[in-house]
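For reference, run.pdb is printed below; it contains PDB, C-alpha atoms, pLDDT in the B column.
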ATOM      1  CA  MET A  84     227.306 -42.705  92.025  1.00 32.00           C
ATOM      2  CA  SER A  85     226.044 -39.786  89.988  1.00 34.00           C
ATOM      3  CA  GLU A  86     225.578 -36.385  91.549  1.00 45.00           C
ATOM      4  CA  ASN A  87     222.086 -35.583  92.801  1.00 49.00           C
ATOM      5  CA  LEU A  88     221.069 -32.472  90.932  1.00 65.00           C
ATOM      6  CA  VAL A  89     217.992 -30.789  92.273  1.00 78.00           C
ATOM      7  CA  GLU A  90     216.131 -28.497  89.917  1.00 88.00           C
ATOM      8  CA  VAL A  91     214.781 -25.497  91.808  1.00 92.00           C
ATOM      9  CA  SER A  92     212.239 -24.998  89.036  1.00 92.00           C
ATOM     10  CA  ASP A  93     210.657 -28.391  89.855  1.00 92.00           C
ATOM     11  CA  TYR A  94     209.656 -27.017  93.268  1.00 94.00           C
ATOM     12  CA  LEU A  95     208.263 -23.649  92.188  1.00 96.00           C
ATOM     13  CA  ARG A  96     204.548 -23.152  92.751  1.00 96.00           C
ATOM     14  CA  ASP A  97     203.012 -20.128  91.006  1.00 96.00           C
ATOM     15  CA  GLN A  98     200.808 -19.293  93.983  1.00 96.00           C
ATOM     16  CA  LEU A  99     203.962 -19.108  96.145  1.00 97.00           C
ATOM     17  CA  ILE A 100     205.815 -16.636  93.943  1.00 98.00           C
ATOM     18  CA  PHE A 101     205.394 -13.203  95.468  1.00 97.00           C
ATOM     19  CA  LEU A 102     206.715 -10.313  93.371  1.00 98.00           C
ATOM     20  CA  HIS A 103     206.791  -6.589  94.170  1.00 95.00           C
ATOM     21  CA  THR A 104     205.739  -7.148  97.767  1.00 97.00           C
ATOM     22  CA  SER A 105     206.059  -4.656 100.600  1.00 97.00           C
ATOM     23  CA  PHE A 106     206.666  -6.817 103.668  1.00 98.00           C
ATOM     24  CA  LYS A 107     208.330  -4.890 106.487  1.00 97.00           C
ATOM     25  CA  THR A 108     209.639  -7.853 108.511  1.00 97.00           C
ATOM     26  CA  SER A 109     210.512 -11.507 108.068  1.00 97.00           C
ATOM     27  CA  LYS A 110     207.557 -12.404 110.321  1.00 97.00           C
ATOM     28  CA  GLU A 111     205.191 -10.529 107.982  1.00 98.00           C
ATOM     29  CA  LEU A 112     206.700 -12.396 105.019  1.00 98.00           C
ATOM     30  CA  PHE A 113     206.410 -15.781 106.801  1.00 98.00           C
ATOM     31  CA  THR A 114     202.799 -15.043 107.745  1.00 98.00           C
ATOM     32  CA  ALA A 115     201.866 -14.325 104.111  1.00 98.00           C
ATOM     33  CA  ILE A 116     203.662 -17.436 102.812  1.00 98.00           C
ATOM     34  CA  ASN A 117     201.999 -19.525 105.511  1.00 98.00           C
ATOM     35  CA  ALA A 118     198.517 -18.194 104.711  1.00 98.00           C
ATOM     36  CA  LYS A 119     198.793 -19.077 101.015  1.00 98.00           C
ATOM     37  CA  ALA A 120     200.644 -22.363 101.577  1.00 98.00           C
ATOM     38  CA  LYS A 121     198.126 -23.455 104.210  1.00 97.00           C
ATOM     39  CA  GLU A 122     195.167 -22.484 102.015  1.00 97.00           C
ATOM     40  CA  ASP A 123     196.551 -24.743  99.279  1.00 97.00           C
ATOM     41  CA  GLY A 124     197.446 -27.617 101.627  1.00 97.00           C
ATOM     42  CA  PHE A 125     201.234 -27.304 101.361  1.00 98.00           C
ATOM     43  CA  VAL A 126     201.895 -26.881 105.103  1.00 98.00           C
ATOM     44  CA  THR A 127     200.598 -27.960 108.509  1.00 98.00           C
ATOM     45  CA  ASP A 128     199.467 -25.673 111.324  1.00 97.00           C
ATOM     46  CA  GLN A 129     202.975 -25.900 112.770  1.00 97.00           C
ATOM     47  CA  PHE A 130     204.721 -24.321 109.779  1.00 98.00           C
ATOM     48  CA  LEU A 131     204.408 -20.671 110.848  1.00 98.00           C
ATOM     49  CA  PRO A 132     205.472 -21.022 114.503  1.00 98.00           C
ATOM     50  CA  LYS A 133     208.306 -23.370 113.574  1.00 97.00           C
ATOM     51  CA  ILE A 134     209.745 -21.252 110.744  1.00 97.00           C
ATOM     52  CA  ILE A 135     209.650 -18.125 112.930  1.00 97.00           C
ATOM     53  CA  LYS A 136     211.340 -19.986 115.787  1.00 97.00           C
ATOM     54  CA  ARG A 137     213.948 -21.593 113.524  1.00 96.00           C
ATOM     55  CA  GLU A 138     214.826 -18.278 111.886  1.00 97.00           C
ATOM     56  CA  GLY A 139     215.412 -16.835 115.359  1.00 96.00           C
ATOM     57  CA  THR A 140     217.666 -19.728 116.341  1.00 95.00           C
ATOM     58  CA  PHE A 141     219.347 -20.487 113.000  1.00 95.00           C
ATOM     59  CA  PRO A 142     219.280 -17.322 110.873  1.00 97.00           C
ATOM     60  CA  THR A 143     219.366 -17.668 107.087  1.00 96.00           C
ATOM     61  CA  GLY A 144     220.550 -14.308 105.762  1.00 97.00           C
ATOM     62  CA  LEU A 145     223.499 -14.411 103.378  1.00 96.00           C
ATOM     63  CA  GLN A 146     225.565 -11.376 102.449  1.00 95.00           C
ATOM     64  CA  LEU A 147     226.645 -11.595  98.833  1.00 92.00           C
ATOM     65  CA  GLU A 148     229.028  -9.271  97.061  1.00 89.00           C
ATOM     66  CA  HIS A 149     226.350  -6.816  95.877  1.00 88.00           C
ATOM     67  CA  ARG A 150     223.277  -7.698  97.942  1.00 93.00           C
ATOM     68  CA  GLY A 151     221.781  -9.895 100.599  1.00 95.00           C
ATOM     69  CA  VAL A 152     219.427 -12.852 100.239  1.00 97.00           C
ATOM     70  CA  ALA A 153     217.754 -15.187 102.716  1.00 97.00           C
ATOM     71  CA  ILE A 154     216.872 -18.871 102.484  1.00 96.00           C
ATOM     72  CA  PRO A 155     214.581 -19.663 105.429  1.00 96.00           C
ATOM     73  CA  HIS A 156     213.322 -23.184 105.974  1.00 93.00           C
ATOM     74  CA  THR A 157     211.955 -25.343 108.770  1.00 90.00           C
ATOM     75  CA  ASP A 158     211.261 -28.896 109.840  1.00 89.00           C
ATOM     76  CA  ALA A 159     210.195 -31.473 107.262  1.00 91.00           C
ATOM     77  CA  ASP A 160     207.243 -32.525 109.446  1.00 94.00           C
ATOM     78  CA  THR A 161     205.496 -29.191 108.775  1.00 96.00           C
ATOM     79  CA  ILE A 162     205.417 -29.762 104.987  1.00 96.00           C
ATOM     80  CA  ASN A 163     202.601 -31.685 103.267  1.00 97.00           C
ATOM     81  CA  GLN A 164     203.680 -30.907  99.689  1.00 96.00           C
ATOM     82  CA  GLU A 165     207.149 -29.685  98.771  1.00 95.00           C
ATOM     83  CA  PHE A 166     207.732 -26.185  97.423  1.00 96.00           C
ATOM     84  CA  VAL A 167     210.172 -23.352  97.046  1.00 96.00           C
ATOM     85  CA  ALA A 168     208.484 -19.997  97.577  1.00 97.00           C
ATOM     86  CA  VAL A 169     210.145 -17.010  95.926  1.00 98.00           C
ATOM     87  CA  VAL A 170     209.625 -13.555  97.401  1.00 98.00           C
ATOM     88  CA  VAL A 171     210.921 -10.355  95.831  1.00 97.00           C
ATOM     89  CA  ASN A 172     210.255  -7.439  98.132  1.00 97.00           C
ATOM     90  CA  ASP A 173     210.438  -3.873  96.825  1.00 96.00           C
ATOM     91  CA  GLU A 174     212.463  -2.797  99.874  1.00 96.00           C
ATOM     92  CA  PRO A 175     215.021  -4.985 101.643  1.00 96.00           C
ATOM     93  CA  ILE A 176     213.936  -6.924 104.733  1.00 97.00           C
ATOM     94  CA  LYS A 177     216.433  -7.359 107.563  1.00 97.00           C
ATOM     95  CA  PHE A 178     217.496 -10.944 108.258  1.00 98.00           C
ATOM     96  CA  SER A 179     220.181 -12.000 110.708  1.00 97.00           C
ATOM     97  CA  ARG A 180     223.226 -13.407 108.987  1.00 97.00           C
ATOM     98  CA  MET A 181     223.746 -17.148 108.836  1.00 95.00           C
ATOM     99  CA  ASP A 182     227.480 -16.801 109.538  1.00 94.00           C
ATOM    100  CA  ASP A 183     227.189 -14.046 112.180  1.00 95.00           C
ATOM    101  CA  PRO A 184     223.738 -13.681 113.784  1.00 95.00           C
ATOM    102  CA  GLU A 185     224.758 -10.382 115.401  1.00 96.00           C
ATOM    103  CA  GLN A 186     224.986  -8.859 111.912  1.00 96.00           C
ATOM    104  CA  LYS A 187     222.000  -8.102 109.695  1.00 97.00           C
ATOM    105  CA  VAL A 188     221.661  -8.509 105.962  1.00 97.00           C
ATOM    106  CA  ASP A 189     219.220  -6.556 103.772  1.00 97.00           C
ATOM    107  CA  ALA A 190     217.422  -9.061 101.538  1.00 97.00           C
ATOM    108  CA  LYS A 191     215.041  -8.203  98.710  1.00 96.00           C
ATOM    109  CA  LEU A 192     215.150 -11.787  97.411  1.00 97.00           C
ATOM    110  CA  VAL A 193     213.999 -14.572  99.744  1.00 98.00           C
ATOM    111  CA  PHE A 194     213.641 -18.273  98.958  1.00 97.00           C
ATOM    112  CA  VAL A 195     211.422 -20.038 101.514  1.00 97.00           C
ATOM    113  CA  LEU A 196     212.047 -23.768 101.381  1.00 96.00           C
ATOM    114  CA  GLY A 197     209.267 -26.221 102.105  1.00 95.00           C
ATOM    115  CA  LEU A 198     210.933 -29.613 101.836  1.00 94.00           C
ATOM    116  CA  ASN A 199     209.773 -32.797 103.545  1.00 92.00           C
ATOM    117  CA  LYS A 200     212.759 -35.011 102.796  1.00 85.00           C
ATOM    118  CA  PRO A 201     215.585 -33.890 105.109  1.00 69.00           C
ATOM    119  CA  HIS A 202     218.352 -35.084 102.759  1.00 72.00           C
ATOM    120  CA  ALA A 203     216.883 -32.998  99.921  1.00 79.00           C
ATOM    121  CA  GLN A 204     217.427 -29.803 101.906  1.00 82.00           C
ATOM    122  CA  LEU A 205     221.200 -29.898 101.423  1.00 84.00           C
ATOM    123  CA  ASP A 206     220.834 -30.550  97.673  1.00 88.00           C
ATOM    124  CA  MET A 207     218.385 -27.650  97.389  1.00 91.00           C
ATOM    125  CA  LEU A 208     220.666 -25.323  99.362  1.00 89.00           C
ATOM    126  CA  GLN A 209     223.539 -26.227  97.038  1.00 90.00           C
ATOM    127  CA  ALA A 210     221.381 -25.532  93.970  1.00 91.00           C
ATOM    128  CA  LEU A 211     220.284 -22.180  95.415  1.00 94.00           C
ATOM    129  CA  MET A 212     223.871 -21.236  96.282  1.00 92.00           C
ATOM    130  CA  THR A 213     224.772 -21.674  92.613  1.00 92.00           C
ATOM    131  CA  ILE A 214     221.863 -19.416  91.638  1.00 94.00           C
ATOM    132  CA  ILE A 215     222.532 -16.648  94.165  1.00 94.00           C
ATOM    133  CA  GLN A 216     226.211 -16.466  93.260  1.00 93.00           C
ATOM    134  CA  ASP A 217     225.184 -15.333  89.755  1.00 94.00           C
ATOM    135  CA  ASP A 218     224.706 -11.612  90.331  1.00 93.00           C
ATOM    136  CA  SER A 219     223.025 -10.935  86.983  1.00 94.00           C
ATOM    137  CA  LEU A 220     220.576 -13.806  87.583  1.00 95.00           C
ATOM    138  CA  VAL A 221     219.705 -12.460  91.054  1.00 95.00           C
ATOM    139  CA  SER A 222     219.243  -9.008  89.556  1.00 95.00           C
ATOM    140  CA  SER A 223     216.935 -10.454  86.883  1.00 96.00           C
ATOM    141  CA  LEU A 224     214.923 -12.271  89.559  1.00 96.00           C
ATOM    142  CA  GLU A 225     214.584  -9.051  91.539  1.00 95.00           C
ATOM    143  CA  ASN A 226     213.211  -7.361  88.422  1.00 95.00           C
ATOM    144  CA  ALA A 227     210.874 -10.160  87.315  1.00 96.00           C
ATOM    145  CA  ASP A 228     207.303  -9.056  86.638  1.00 95.00           C
ATOM    146  CA  ASN A 229     205.521 -12.402  86.703  1.00 96.00           C
ATOM    147  CA  ALA A 230     205.786 -16.026  87.824  1.00 95.00           C
ATOM    148  CA  ASN A 231     206.560 -17.168  84.275  1.00 95.00           C
ATOM    149  CA  GLN A 232     209.732 -15.038  84.217  1.00 96.00           C
ATOM    150  CA  VAL A 233     210.794 -16.546  87.557  1.00 96.00           C
ATOM    151  CA  HIS A 234     210.275 -20.066  86.153  1.00 94.00           C
ATOM    152  CA  GLN A 235     212.328 -19.223  83.059  1.00 94.00           C
ATOM    153  CA  LEU A 236     215.143 -17.688  85.100  1.00 95.00           C
ATOM    154  CA  LEU A 237     215.324 -20.653  87.472  1.00 93.00           C
ATOM    155  CA  SER A 238     215.158 -23.340  84.771  1.00 88.00           C
ATOM    156  CA  LYS A 239     218.450 -24.523  83.368  1.00 65.00           C
TER
END
Rewrite the coordinates I just gave you, this time as structure tokens.
Amino acid sequence: MSENLVEVSDYLRDQLIFLHTSFKTSKELFTAINAKAKEDGFVTDQFLPKIIKREGTFPTGLQLEHRGVAIPHTDADTINQEFVAVVVNDEPIKFSRMDDPEQKVDAKLVFVLGLNKPHAQLDMLQALMTIIQDDSLVSSLENADNANQVHQLLSK
């Protein structure tokens, strides 16, 4: 059986690429993503409460060698149309670490996953892990000025 390769770029939606933002908390970030995603029919009314609750229970911050990132996601039943939202905040937002929830990670780059096929979540996480382990790519994403640059950077 051939390997299932998920292309992150296939899930990017321009209206869910937020660059040079100034969110202070993960809840503020989730609220903004939810507002836009709901407006465009991507998510149900349960998306915001469920992603906030899930982040509290199963944190998604990852400490990399030079920086932190976060990959929040929630239940498939809250997603009408699949997406990967990309947020680049000007200042880091504190997320609890996936591997040690007592520790915090400062994340400027956040990928919010909106996937409605549970098995696809693991494939997407694997694809994102490959991306975030490339420090120069993460740096380029953090410095992107428009959605087109994000698409180019995340396309193989």
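If you look at atom CA of Ile162 of chain A and atom CA of Asp182 of chain A, they are 26.0 Å away from each other.
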Interatomic distance (Å, one decimal) between atom CA of Val152 of chain A and atom CA of Leu112 of chain A: 13.6 Å
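Closest to Asp93 of chain A among A:Leu205, A:Leu145, A:Val167, A:Leu131 is A:Val167, based on only C-alpha atoms.
Coordinates place atom CA of Val91 of chain A at a distance of 7.0 Å from atom CA of Met207 of chain A.
This file gives the following result for the PyMOL selection byres ((chain A and resi 95) around 8): A:Val91, A:Ser92, A:Asp93, A:Tyr94, A:Arg96, A:Asp97, A:Leu99, A:Ile100, A:Phe166, A:Val167, A:Ala168, A:Val169, A:His234.
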Lys119 of chain A surroundings by all atoms listed in the file, 10 Å radius, close-in-sequence under 5 positions cut, as a PyMOL selection string: chain A and resi 98-99+114+124-126
Selection: 12 Å around segment 104-106 of chain A, all atoms listed in the file, excl. self and same-chain fewer than 4 positions, as a PyMOL selection string: chain A and resi 100+110-116+169-177+190-193+225-226+228
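When only C-alpha atoms are used to measure the gap to Thr157 of chain A, the shortest distance among A:Arg137, A:His103, A:Arg180, A:Lys187 belongs to A:Arg137.
With all atoms listed in the file as the basis for measurement, A:His156 is the residue among A:Glu185, A:Gln146, A:His156, A:Lys107 that approaches Pro132 of chain A most closely.
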Using all atoms listed in the file: which of A:Asp128, A:Gln186, A:Glu90, A:Asn199 has the shortest distance to Leu236 of chain A: A:Glu90
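Shortest separation to Gln129 of chain A among A:Asn231, A:Thr108, A:Thr161, A:Gln216 occurs at residue A:Thr161, atoms counted being only C-alpha atoms.
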Ref. answer, residues at most 12 Å from (220.7, -20.2, 118.7) with only C-alpha atoms, as a ChimeraX atom specification: /A:136-143,179,181-185
Distance criterion (only C-alpha atoms): nearest to Phe130 of chain A out of A:Glu148, A:Glu165, A:Asp217, A:Asp158: A:Asp158
Output check: residues returned by the PyMOL selection byres ((chain A and resi 210) around 8), as a ChimeraX atom specification: /A:88-91,206-209,211-214
Reconstruct N, CA and C atoms of segment 112-125 of chain A from the incomplete input and present them as a PDB file, keeping the file's coordinate frame.
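The resulting out-v4.pdb:
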ATOM      1  N   LEU A 112     206.478 -11.566 106.202  1.00 98.00           N
ATOM      2  CA  LEU A 112     206.700 -12.396 105.019  1.00 98.00           C
ATOM      3  C   LEU A 112     206.292 -13.838 105.306  1.00 98.00           C
ATOM      4  N   PHE A 113     206.744 -14.397 106.448  1.00 98.00           N
ATOM      5  CA  PHE A 113     206.410 -15.781 106.801  1.00 98.00           C
ATOM      6  C   PHE A 113     204.898 -15.959 106.954  1.00 98.00           C
ATOM      7  N   THR A 114     204.243 -14.966 107.529  1.00 98.00           N
ATOM      8  CA  THR A 114     202.799 -15.043 107.745  1.00 98.00           C
ATOM      9  C   THR A 114     202.057 -15.106 106.411  1.00 98.00           C
ATOM     10  N   ALA A 115     202.499 -14.317 105.439  1.00 98.00           N
ATOM     11  CA  ALA A 115     201.866 -14.325 104.111  1.00 98.00           C
ATOM     12  C   ALA A 115     202.118 -15.645 103.386  1.00 98.00           C
ATOM     13  N   ILE A 116     203.338 -16.146 103.441  1.00 98.00           N
ATOM     14  CA  ILE A 116     203.662 -17.436 102.812  1.00 98.00           C
ATOM     15  C   ILE A 116     202.813 -18.529 103.461  1.00 98.00           C
ATOM     16  N   ASN A 117     202.767 -18.519 104.781  1.00 98.00           N
ATOM     17  CA  ASN A 117     201.999 -19.525 105.511  1.00 98.00           C
ATOM     18  C   ASN A 117     200.524 -19.490 105.117  1.00 98.00           C
ATOM     19  N   ALA A 118     199.943 -18.307 105.035  1.00 98.00           N
ATOM     20  CA  ALA A 118     198.517 -18.194 104.711  1.00 98.00           C
ATOM     21  C   ALA A 118     198.214 -18.842 103.362  1.00 98.00           C
ATOM     22  N   LYS A 119     199.025 -18.536 102.358  1.00 98.00           N
ATOM     23  CA  LYS A 119     198.793 -19.077 101.015  1.00 98.00           C
ATOM     24  C   LYS A 119     199.120 -20.573 100.973  1.00 98.00           C
ATOM     25  N   ALA A 120     200.225 -20.960 101.593  1.00 98.00           N
ATOM     26  CA  ALA A 120     200.644 -22.363 101.577  1.00 98.00           C
ATOM     27  C   ALA A 120     199.638 -23.232 102.338  1.00 98.00           C
ATOM     28  N   LYS A 121     199.104 -22.703 103.422  1.00 97.00           N
ATOM     29  CA  LYS A 121     198.126 -23.455 104.210  1.00 97.00           C
ATOM     30  C   LYS A 121     196.814 -23.589 103.440  1.00 97.00           C
ATOM     31  N   GLU A 122     196.399 -22.494 102.815  1.00 97.00           N
ATOM     32  CA  GLU A 122     195.167 -22.484 102.015  1.00 97.00           C
ATOM     33  C   GLU A 122     195.214 -23.567 100.937  1.00 97.00           C
ATOM     34  N   ASP A 123     196.395 -23.781 100.361  1.00 97.00           N
ATOM     35  CA  ASP A 123     196.551 -24.743  99.279  1.00 97.00           C
ATOM     36  C   ASP A 123     197.031 -26.121  99.752  1.00 97.00           C
ATOM     37  N   GLY A 124     197.106 -26.308 101.068  1.00 97.00           N
ATOM     38  CA  GLY A 124     197.446 -27.617 101.627  1.00 97.00           C
ATOM     39  C   GLY A 124     198.914 -27.982 101.617  1.00 97.00           C
ATOM     40  N   PHE A 125     199.799 -27.012 101.415  1.00 98.00           N
ATOM     41  CA  PHE A 125     201.234 -27.304 101.361  1.00 98.00           C
ATOM     42  C   PHE A 125     201.849 -27.522 102.744  1.00 98.00           C
TER      43      PHE A 125
END
